[in-house]
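Student: Got a structure for you, data_0.pdb, holding PDB, C-alpha atoms and all ligand atoms.
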```
ATOM      1  CA  MET A   1     120.575 191.122  44.998
ATOM      2  CA  ALA A   2     121.913 187.697  44.018
ATOM      3  CA  LYS A   3     125.246 186.850  45.568
ATOM      4  CA  ALA A   4     127.722 185.124  43.319
ATOM      5  CA  PHE A   5     130.042 182.305  44.280
ATOM      6  CA  VAL A   6     133.397 181.344  42.826
ATOM      7  CA  THR A   7     134.622 177.780  43.209
ATOM      8  CA  TYR A   8     137.728 176.403  41.576
ATOM      9  CA  PHE A   9     140.268 173.610  41.455
ATOM     10  CA  SER A  10     143.945 174.446  41.091
ATOM     11  CA  VAL A  11     147.211 172.584  41.666
ATOM     12  CA  TYR A  12     149.908 175.056  40.583
ATOM     13  CA  GLY A  13     147.964 178.131  41.679
ATOM     14  CA  THR A  14     147.164 179.828  38.378
ATOM     15  CA  ALA A  15     143.460 178.963  38.319
ATOM     16  CA  ARG A  16     143.448 180.136  41.963
ATOM     17  CA  LYS A  17     144.865 183.524  40.964
ATOM     18  CA  LEU A  18     142.219 183.864  38.295
ATOM     19  CA  ALA A  19     139.473 182.783  40.718
ATOM     20  CA  GLU A  20     140.631 185.349  43.287
ATOM     21  CA  GLU A  21     140.576 188.087  40.667
ATOM     22  CA  ILE A  22     137.026 187.153  39.615
ATOM     23  CA  ALA A  23     135.879 187.074  43.260
ATOM     24  CA  LYS A  24     137.481 190.457  43.891
ATOM     25  CA  GLN A  25     135.866 192.102  40.889
ATOM     26  CA  THR A  26     132.409 190.625  41.529
ATOM     27  CA  GLN A  27     132.570 190.731  45.363
ATOM     28  CA  ALA A  28     131.652 187.055  45.241
ATOM     29  CA  ASP A  29     132.294 184.486  47.943
ATOM     30  CA  ILE A  30     135.021 182.039  47.044
ATOM     31  CA  MET A  31     135.968 178.468  47.954
ATOM     32  CA  GLU A  32     138.612 176.146  46.580
ATOM     33  CA  ILE A  33     137.652 172.564  45.649
ATOM     34  CA  GLU A  34     139.996 170.529  47.853
ATOM     35  CA  PRO A  35     140.722 166.927  46.940
ATOM     36  CA  VAL A  36     140.789 164.275  49.666
ATOM     37  CA  VAL A  37     144.027 163.009  48.126
ATOM     38  CA  PRO A  38     146.170 166.068  47.400
ATOM     39  CA  TYR A  39     147.987 166.443  44.083
ATOM     40  CA  ASP A  40     151.710 167.181  43.955
ATOM     41  CA  SER A  41     152.044 170.928  43.398
ATOM     42  CA  ASN A  42     155.822 170.786  42.928
ATOM     43  CA  ARG A  43     156.289 171.777  39.295
ATOM     44  CA  ASP A  44     159.496 169.707  39.138
ATOM     45  CA  ASN A  45     157.261 166.636  39.367
ATOM     46  CA  TYR A  46     155.070 167.635  36.430
ATOM     47  CA  ASP A  47     155.625 164.351  34.563
ATOM     48  CA  ALA A  48     154.329 162.291  37.491
ATOM     49  CA  LEU A  49     151.270 164.535  37.842
ATOM     50  CA  ALA A  50     150.642 164.294  34.097
ATOM     51  CA  ARG A  51     150.777 160.486  34.254
ATOM     52  CA  TYR A  52     148.499 160.374  37.303
ATOM     53  CA  ALA A  53     145.985 162.743  35.733
ATOM     54  CA  LYS A  54     145.991 160.657  32.546
ATOM     55  CA  LYS A  55     145.211 157.536  34.581
ATOM     56  CA  GLU A  56     142.338 159.323  36.350
ATOM     57  CA  HIS A  57     141.009 160.391  32.967
ATOM     58  CA  ASP A  58     141.405 157.029  31.215
ATOM     59  CA  GLU A  59     139.800 155.174  34.114
ATOM     60  CA  ASP A  60     136.969 157.728  34.369
ATOM     61  CA  MET A  61     137.725 158.228  38.044
ATOM     62  CA  ARG A  62     135.851 160.581  40.387
ATOM     63  CA  PRO A  63     138.424 161.956  42.867
ATOM     64  CA  ALA A  64     136.696 162.717  46.162
ATOM     65  CA  ILE A  65     136.195 166.304  47.323
ATOM     66  CA  LYS A  66     137.173 166.956  50.930
ATOM     67  CA  ASN A  67     135.231 170.133  51.694
ATOM     68  CA  LYS A  68     131.563 170.968  51.340
ATOM     69  CA  ILE A  69     131.098 173.250  48.339
ATOM     70  CA  PRO A  70     127.973 175.353  49.091
ATOM     71  CA  VAL A  71     126.564 175.296  45.546
ATOM     72  CA  GLU A  72     123.000 175.120  46.879
ATOM     73  CA  ASP A  73     123.354 178.506  48.620
ATOM     74  CA  TYR A  74     123.958 180.499  45.430
ATOM     75  CA  ASP A  75     122.268 181.246  42.121
ATOM     76  CA  ILE A  76     125.342 182.395  40.189
ATOM     77  CA  ILE A  77     128.321 180.073  40.293
ATOM     78  CA  PHE A  78     131.672 180.623  38.647
ATOM     79  CA  ILE A  79     133.523 177.322  38.187
ATOM     80  CA  GLY A  80     137.238 177.339  37.403
ATOM     81  CA  TYR A  81     139.861 174.717  36.612
ATOM     82  CA  PRO A  82     143.013 174.109  34.581
ATOM     83  CA  MET A  83     142.936 172.158  31.332
ATOM     84  CA  TRP A  84     144.185 168.626  31.956
ATOM     85  CA  TRP A  85     144.574 166.299  29.020
ATOM     86  CA  TYR A  86     142.293 168.351  26.765
ATOM     87  CA  THR A  87     139.429 168.430  29.264
ATOM     88  CA  PHE A  88     138.873 169.440  32.869
ATOM     89  CA  PRO A  89     140.323 167.521  35.805
ATOM     90  CA  MET A  90     138.117 164.574  36.783
ATOM     91  CA  ILE A  91     137.351 166.193  40.152
ATOM     92  CA  ILE A  92     135.140 168.649  38.255
ATOM     93  CA  TYR A  93     132.977 165.671  37.268
ATOM     94  CA  THR A  94     132.751 164.863  40.988
ATOM     95  CA  LEU A  95     131.434 168.379  41.619
ATOM     96  CA  PHE A  96     128.705 167.902  38.993
ATOM     97  CA  ASP A  97     127.871 164.422  40.332
ATOM     98  CA  GLU A  98     127.414 165.745  43.863
ATOM     99  CA  HIS A  99     125.373 168.893  43.203
ATOM    100  CA  ASP A 100     122.203 169.834  41.411
ATOM    101  CA  PHE A 101     122.781 172.912  39.247
ATOM    102  CA  SER A 102     119.200 173.075  37.923
ATOM    103  CA  GLY A 103     117.993 176.658  37.650
ATOM    104  CA  LYS A 104     121.421 178.093  38.440
ATOM    105  CA  THR A 105     123.658 180.254  36.292
ATOM    106  CA  ILE A 106     127.089 178.731  35.720
ATOM    107  CA  ILE A 107     129.987 180.823  34.456
ATOM    108  CA  PRO A 108     133.055 178.706  33.647
ATOM    109  CA  PHE A 109     136.671 179.864  33.453
ATOM    110  CA  ASN A 110     139.918 178.009  32.994
ATOM    111  CA  THR A 111     143.650 178.185  32.601
ATOM    112  CA  HIS A 112     145.505 176.353  29.834
ATOM    113  CA  MET A 113     148.669 176.128  27.786
ATOM    114  CA  GLY A 114     147.147 176.261  24.335
ATOM    115  CA  SER A 115     143.936 174.200  24.459
ATOM    116  CA  ARG A 116     141.788 177.174  25.471
ATOM    117  CA  ASP A 117     138.573 175.668  26.942
ATOM    118  CA  GLY A 118     139.015 172.411  25.028
ATOM    119  CA  GLY A 119     135.254 171.979  24.664
ATOM    120  CA  THR A 120     134.735 171.886  28.432
ATOM    121  CA  TYR A 121     132.126 174.650  28.415
ATOM    122  CA  ALA A 122     130.004 172.466  26.111
ATOM    123  CA  THR A 123     130.592 169.521  28.462
ATOM    124  CA  ILE A 124     129.313 171.634  31.367
ATOM    125  CA  LYS A 125     126.115 172.332  29.429
ATOM    126  CA  LYS A 126     125.639 168.567  29.071
ATOM    127  CA  LEU A 127     126.386 167.887  32.747
ATOM    128  CA  ALA A 128     124.015 170.611  33.928
ATOM    129  CA  PRO A 129     121.290 170.685  31.269
ATOM    130  CA  LYS A 130     118.895 172.687  33.456
ATOM    131  CA  ALA A 131     121.423 175.400  34.257
ATOM    132  CA  LYS A 132     122.083 178.545  32.254
ATOM    133  CA  VAL A 133     125.741 178.405  31.179
ATOM    134  CA  LEU A 134     127.200 181.771  30.231
ATOM    135  CA  GLU A 135     130.234 182.473  28.052
ATOM    136  CA  GLY A 136     133.384 181.285  29.803
ATOM    137  CA  LEU A 137     136.855 182.758  30.026
ATOM    138  CA  PRO A 138     139.919 180.721  29.001
ATOM    139  CA  ILE A 139     143.205 182.324  30.096
ATOM    140  CA  GLU A 140     146.687 181.198  29.141
ATOM    141  CA  MET A 141     148.677 180.034  32.179
ATOM    142  CA  SER A 142     151.318 182.781  32.095
ATOM    143  CA  ASP A 143     148.618 185.482  31.825
ATOM    144  CA  ALA A 144     146.667 183.923  34.703
ATOM    145  CA  GLU A 145     149.705 184.085  37.038
ATOM    146  CA  SER A 146     148.999 187.765  37.558
ATOM    147  CA  GLY A 147     145.224 187.351  37.789
ATOM    148  CA  ALA A 148     144.658 188.709  34.265
ATOM    149  CA  SER A 149     142.692 191.602  35.752
ATOM    150  CA  GLY A 150     142.152 193.426  32.448
ATOM    151  CA  ALA A 151     140.836 190.355  30.642
ATOM    152  CA  VAL A 152     138.617 189.490  33.614
ATOM    153  CA  LYS A 153     137.179 193.010  33.751
ATOM    154  CA  LYS A 154     136.390 193.028  30.018
ATOM    155  CA  TRP A 155     134.750 189.611  30.236
ATOM    156  CA  LEU A 156     132.658 190.527  33.291
ATOM    157  CA  GLU A 157     131.541 193.752  31.686
ATOM    158  CA  LYS A 158     130.423 191.747  28.690
ATOM    159  CA  LEU A 159     128.524 189.376  30.951
ATOM    160  CA  ALA A 160     127.135 192.274  32.974
ATOM    161  CA  VAL A 161     128.000 190.549  36.233
ATOM    162  CA  MET A 162     130.116 193.269  37.763
ATOM    163  CA  ALA A 163     129.045 193.631  41.386
ATOM    164  CA  TYR A 164     126.983 196.752  40.728
ATOM    165  CA  ASP A 165     125.289 195.099  37.810
ATOM    166  CA  ILE A 166     124.738 191.564  38.986
ATOM    167  CA  SER A 167     120.972 192.039  39.312
ATOM    168  CA  LYS A 168     120.780 192.067  35.495
ATOM    169  CA  LEU A 169     121.348 188.338  35.317
TER     170      LEU A 169
HETATM  171  C1  LIG B 201     148.217 166.912  34.170
HETATM  172  C2  LIG B 201     148.218 168.121  33.313
HETATM  173  C3  LIG B 201     147.669 168.072  32.051
HETATM  174  C4  LIG B 201     147.608 169.223  31.247
HETATM  175  N1  LIG B 201     146.988 169.159  30.027
HETATM  176  C5  LIG B 201     146.842 170.302  29.293
HETATM  177  C6  LIG B 201     146.122 170.298  28.057
HETATM  178  O1  LIG B 201     145.624 169.270  27.596
HETATM  179  N2  LIG B 201     146.016 171.466  27.388
HETATM  180  C7  LIG B 201     146.542 172.630  27.842
HETATM  181  O2  LIG B 201     146.393 173.652  27.195
HETATM  182  N3  LIG B 201     147.225 172.661  29.024
HETATM  183  C8  LIG B 201     147.384 171.537  29.733
HETATM  184  N4  LIG B 201     148.064 171.564  30.934
HETATM  185  C9  LIG B 201     148.567 172.831  31.408
HETATM  186  C10 LIG B 201     147.648 173.421  32.473
HETATM  187  O3  LIG B 201     146.388 173.732  31.952
HETATM  188  C11 LIG B 201     148.269 174.656  33.078
HETATM  189  O4  LIG B 201     149.471 174.278  33.663
HETATM  190  C12 LIG B 201     147.322 175.290  34.095
HETATM  191  O5  LIG B 201     147.440 176.682  34.013
HETATM  192  C13 LIG B 201     147.601 174.866  35.519
HETATM  193  O6  LIG B 201     146.608 175.402  36.369
HETATM  194  P1  LIG B 201     146.844 175.509  37.956
HETATM  195  O7  LIG B 201     148.076 176.380  38.131
HETATM  196  O8  LIG B 201     145.640 176.186  38.474
HETATM  197  O9  LIG B 201     147.035 174.139  38.486
HETATM  198  C14 LIG B 201     148.169 170.434  31.727
HETATM  199  C15 LIG B 201     148.760 170.459  32.991
HETATM  200  C16 LIG B 201     148.784 169.337  33.789
HETATM  201  C17 LIG B 201     149.401 169.406  35.158
END
```
Represent the structure of the file as structure tokens.
Tutor:
Amino acid sequence: MAKAFVTYFSVYGTARKLAEEIAKQTQADIMEIEPVVPYDSNRDNYDALARYAKKEHDEDMRPAIKNKIPVEDYDIIFIGYPMWWYTFPMIIYTLFDEHDFSGKTIIPFNTHMGSRDGGTYATIKKLAPKAKVLEGLPIEMSDAESGASGAVKKWLEKLAVMAYDISKL
């Protein structure tokens, strides 16, 4: 049976909550994408983070990843992130630069405050043209705080990737 893997980037912890819920429901392994240079997770400093993230985006930067994300060891990979400036954080580009997703199944998910997936699922298809990209799950930040277990369950059932059913992929 194929073992699934959940990897995610999160600064304020909501994408992490969602990732943990997905890993729990699918019995997948899970690993956070850790930046070499940490982002400020103090929500009081949101404006500074917003400015910094905008600079990373405008300058097409590739923030370095500190840990080794074992993409190569899995066939089914959930990838999660928050929406930042209408797209995903630039560190997600780093992940795609560093790994070959050919032949793998990617299942994206994200947290947001109104932009939903902002076209990022289509971007993933472009970045990993030889991967199968399944329907993603965008969850509003306040709903993700609790893990959004009901929405996750419904989505996974639709994808038929619940642990007992993962062989269908
Ligand atoms: C730098 C920055 C930019 C953001 N840009 C957007 C955006 O364009 N659209 C949106 O819906 N939410 C945006 N948000 C809100 C985040 O998507 C939301 O706070 C997210 O749930 C945070 O995820 P995390 O708790 O895992 O870090 C932004 C947040 C930050 C910090």
Student: Of the residues A:Tyr46, A:Phe5, A:Phe109, A:Tyr39, which is the one nearest to Met83 (chain A), using all atoms listed in the file?
Tutor: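 Checking each candidate against Met83 (chain A), we get A:Phe109 as the closest.
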Student: Quick one: of A:Asn45, A:Ser146, A:Asn67, A:Ser115, who's nearest to ligand LIG 201 (chain B), counting all atoms listed in the file?
Tutor: A:Ser115
Student: Can you check which parts of chain A lie within 10 Å of ligand LIG 201 (chain B)? Per residue, the shortest pair of atoms and distance in Å to one decimal, counting all atoms listed in the file, sorted by chain and number, as a Markdown table.
Tutor:
```
| residue | atom | partner | partner_atom | distance |
| --- | --- | --- | --- | --- |
| A:Tyr8 | CA | B:LIG201 | O8 | 8.5 |
| A:Phe9 | CA | B:LIG201 | O8 | 6.7 |
| A:Ser10 | CA | B:LIG201 | O8 | 3.6 |
| A:Val11 | CA | B:LIG201 | O9 | 3.5 |
| A:Tyr12 | CA | B:LIG201 | O7 | 3.3 |
| A:Gly13 | CA | B:LIG201 | O7 | 4.0 |
| A:Thr14 | CA | B:LIG201 | O7 | 3.6 |
| A:Ala15 | CA | B:LIG201 | O8 | 3.5 |
| A:Arg16 | CA | B:LIG201 | O8 | 5.7 |
| A:Lys17 | CA | B:LIG201 | O8 | 7.8 |
| A:Leu18 | CA | B:LIG201 | O8 | 8.4 |
| A:Ala19 | CA | B:LIG201 | O8 | 9.3 |
| A:Tyr39 | CA | B:LIG201 | C17 | 9.5 |
| A:Asp40 | CA | B:LIG201 | C17 | 9.4 |
| A:Ser41 | CA | B:LIG201 | O9 | 7.7 |
| A:Arg43 | CA | B:LIG201 | C17 | 8.4 |
| A:Asn45 | CA | B:LIG201 | C17 | 9.3 |
| A:Tyr46 | CA | B:LIG201 | C17 | 6.1 |
| A:Asp47 | CA | B:LIG201 | C1 | 7.8 |
| A:Ala48 | CA | B:LIG201 | C1 | 8.4 |
| A:Leu49 | CA | B:LIG201 | C1 | 5.3 |
| A:Ala50 | CA | B:LIG201 | C1 | 3.6 |
| A:Arg51 | CA | B:LIG201 | C1 | 6.9 |
| A:Tyr52 | CA | B:LIG201 | C1 | 7.3 |
| A:Ala53 | CA | B:LIG201 | C1 | 5.0 |
| A:Lys54 | CA | B:LIG201 | C1 | 6.8 |
| A:Lys55 | CA | B:LIG201 | C1 | 9.9 |
| A:Glu56 | CA | B:LIG201 | C1 | 9.8 |
| A:His57 | CA | B:LIG201 | C1 | 9.8 |
| A:Gly80 | CA | B:LIG201 | O8 | 8.5 |
| A:Tyr81 | CA | B:LIG201 | O8 | 6.2 |
| A:Pro82 | CA | B:LIG201 | O6 | 4.2 |
| A:Met83 | CA | B:LIG201 | O3 | 3.8 |
| A:Trp84 | CA | B:LIG201 | N1 | 3.4 |
| A:Trp85 | CA | B:LIG201 | O1 | 3.5 |
| A:Tyr86 | CA | B:LIG201 | O1 | 3.6 |
| A:Thr87 | CA | B:LIG201 | O1 | 6.5 |
| A:Phe88 | CA | B:LIG201 | O1 | 8.6 |
| A:Pro89 | CA | B:LIG201 | C1 | 8.1 |
| A:Asn110 | CA | B:LIG201 | O5 | 7.7 |
| A:Thr111 | CA | B:LIG201 | O5 | 4.3 |
| A:His112 | CA | B:LIG201 | O3 | 3.5 |
| A:Met113 | CA | B:LIG201 | O2 | 3.4 |
| A:Gly114 | CA | B:LIG201 | O2 | 3.9 |
| A:Ser115 | CA | B:LIG201 | O2 | 3.7 |
| A:Arg116 | CA | B:LIG201 | O2 | 6.0 |
| A:Asp117 | CA | B:LIG201 | O2 | 8.1 |
| A:Gly118 | CA | B:LIG201 | N2 | 7.4 |
| A:Pro138 | CA | B:LIG201 | O2 | 9.8 |
| A:Ile139 | CA | B:LIG201 | O5 | 8.1 |
| A:Glu140 | CA | B:LIG201 | O5 | 6.7 |
| A:Met141 | CA | B:LIG201 | O5 | 4.0 |
| A:Ser142 | CA | B:LIG201 | O5 | 7.5 |
| A:Asp143 | CA | B:LIG201 | O5 | 9.1 |
| A:Ala144 | CA | B:LIG201 | O5 | 7.3 |
| A:Glu145 | CA | B:LIG201 | O7 | 8.0 |
```
Student: Please identify all polymer residues within 12 Å of Thr105 (chain A), counting all atoms listed in the file, omitting same-chain residues fewer than 2 positions from it, and present them as JSON, numbers by chain.
Tutor: {"A": [2, 3, 4, 5, 6, 71, 72, 74, 75, 76, 77, 78, 79, 100, 101, 102, 103, 107, 108, 124, 125, 128, 129, 130, 131, 132, 133, 134, 135, 136, 159, 161, 166, 169]}
Student: Which one of A:Ala122, A:Leu95, A:Ala160, A:Val152 sits closest to Gln25 (chain A) if you count only C-alpha atoms?
Tutor: A:Val152
Student: Residues around (127.8, 166.6, 46.0), cut-off 9 Å, counting all atoms listed in the file - what are they as an mmCIF file with C-alpha atoms, keeping the file's coordinate frame?
Tutor:
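Output file part03.cif follows:
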```
data_model
loop_
_atom_site.group_PDB
_atom_site.id
_atom_site.type_symbol
_atom_site.label_atom_id
_atom_site.label_comp_id
_atom_site.auth_asym_id
_atom_site.auth_seq_id
_atom_site.Cartn_x
_atom_site.Cartn_y
_atom_site.Cartn_z
ATOM 1 C CA ILE A 65 136.195 166.304 47.323
ATOM 2 C CA LYS A 68 131.563 170.968 51.340
ATOM 3 C CA ILE A 69 131.098 173.250 48.339
ATOM 4 C CA VAL A 71 126.564 175.296 45.546
ATOM 5 C CA THR A 94 132.751 164.863 40.988
ATOM 6 C CA LEU A 95 131.434 168.379 41.619
ATOM 7 C CA PHE A 96 128.705 167.902 38.993
ATOM 8 C CA ASP A 97 127.871 164.422 40.332
ATOM 9 C CA GLU A 98 127.414 165.745 43.863
ATOM 10 C CA HIS A 99 125.373 168.893 43.203
ATOM 11 C CA ASP A 100 122.203 169.834 41.411
#
```
Student: Just the number, please: distance in Å from CA of Ile30 (chain A) to CA of Tyr93 (chain A), one decimal.
Tutor: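 About the pair CA of Ile30 (chain A) and CA of Tyr93 (chain A): they are 19.2 Å apart.
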Student: Could you state the separation of CA of Ala64 (chain A) and CA of Leu127 (chain A) in Å, given to one decimal place?
Tutor: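 We find that CA of Ala64 (chain A) and CA of Leu127 (chain A) lie 17.7 Å from each other.
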Student: Can you pull out the residues contacting Lys153 (chain A)? Cut-off 9 Å, using only C-alpha atoms, and skip same-chain residues under 4 positions away; I want them as a PDB file with C-alpha atoms, in the frame of the given file.
Tutor:
```pdb
ATOM      1  CA  ILE A  22     137.026 187.153  39.615  1.00  0.00           C
ATOM      2  CA  GLN A  25     135.866 192.102  40.889  1.00  0.00           C
ATOM      3  CA  ALA A 148     144.658 188.709  34.265  1.00  0.00           C
ATOM      4  CA  SER A 149     142.692 191.602  35.752  1.00  0.00           C
ATOM      5  CA  GLU A 157     131.541 193.752  31.686  1.00  0.00           C
ATOM      6  CA  LYS A 158     130.423 191.747  28.690  1.00  0.00           C
ATOM      7  CA  MET A 162     130.116 193.269  37.763  1.00  0.00           C
TER       8      MET A 162
END
```
Student: What is the distance, in Å and to one decimal place, between CA of Thr26 (chain A) and CA of Asp73 (chain A)?
Tutor: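 Atom-to-atom, CA of Thr26 (chain A) to CA of Asp73 (chain A), that is 16.7 Å.
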Student: From the list A:Met90, A:Ala151, A:Val36, A:Leu156, which residue is nearest Glu59 (chain A) when using only C-alpha atoms?
Tutor: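 Nearest to Glu59 (chain A): A:Met90.
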Student: Pick from A:Met61, A:Asn42, A:Ala23, A:Trp155: nearest to Leu137 (chain A), with all atoms listed in the file counted?
Tutor: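 With all atoms listed in the file as the atom set, the closest residue is A:Trp155.
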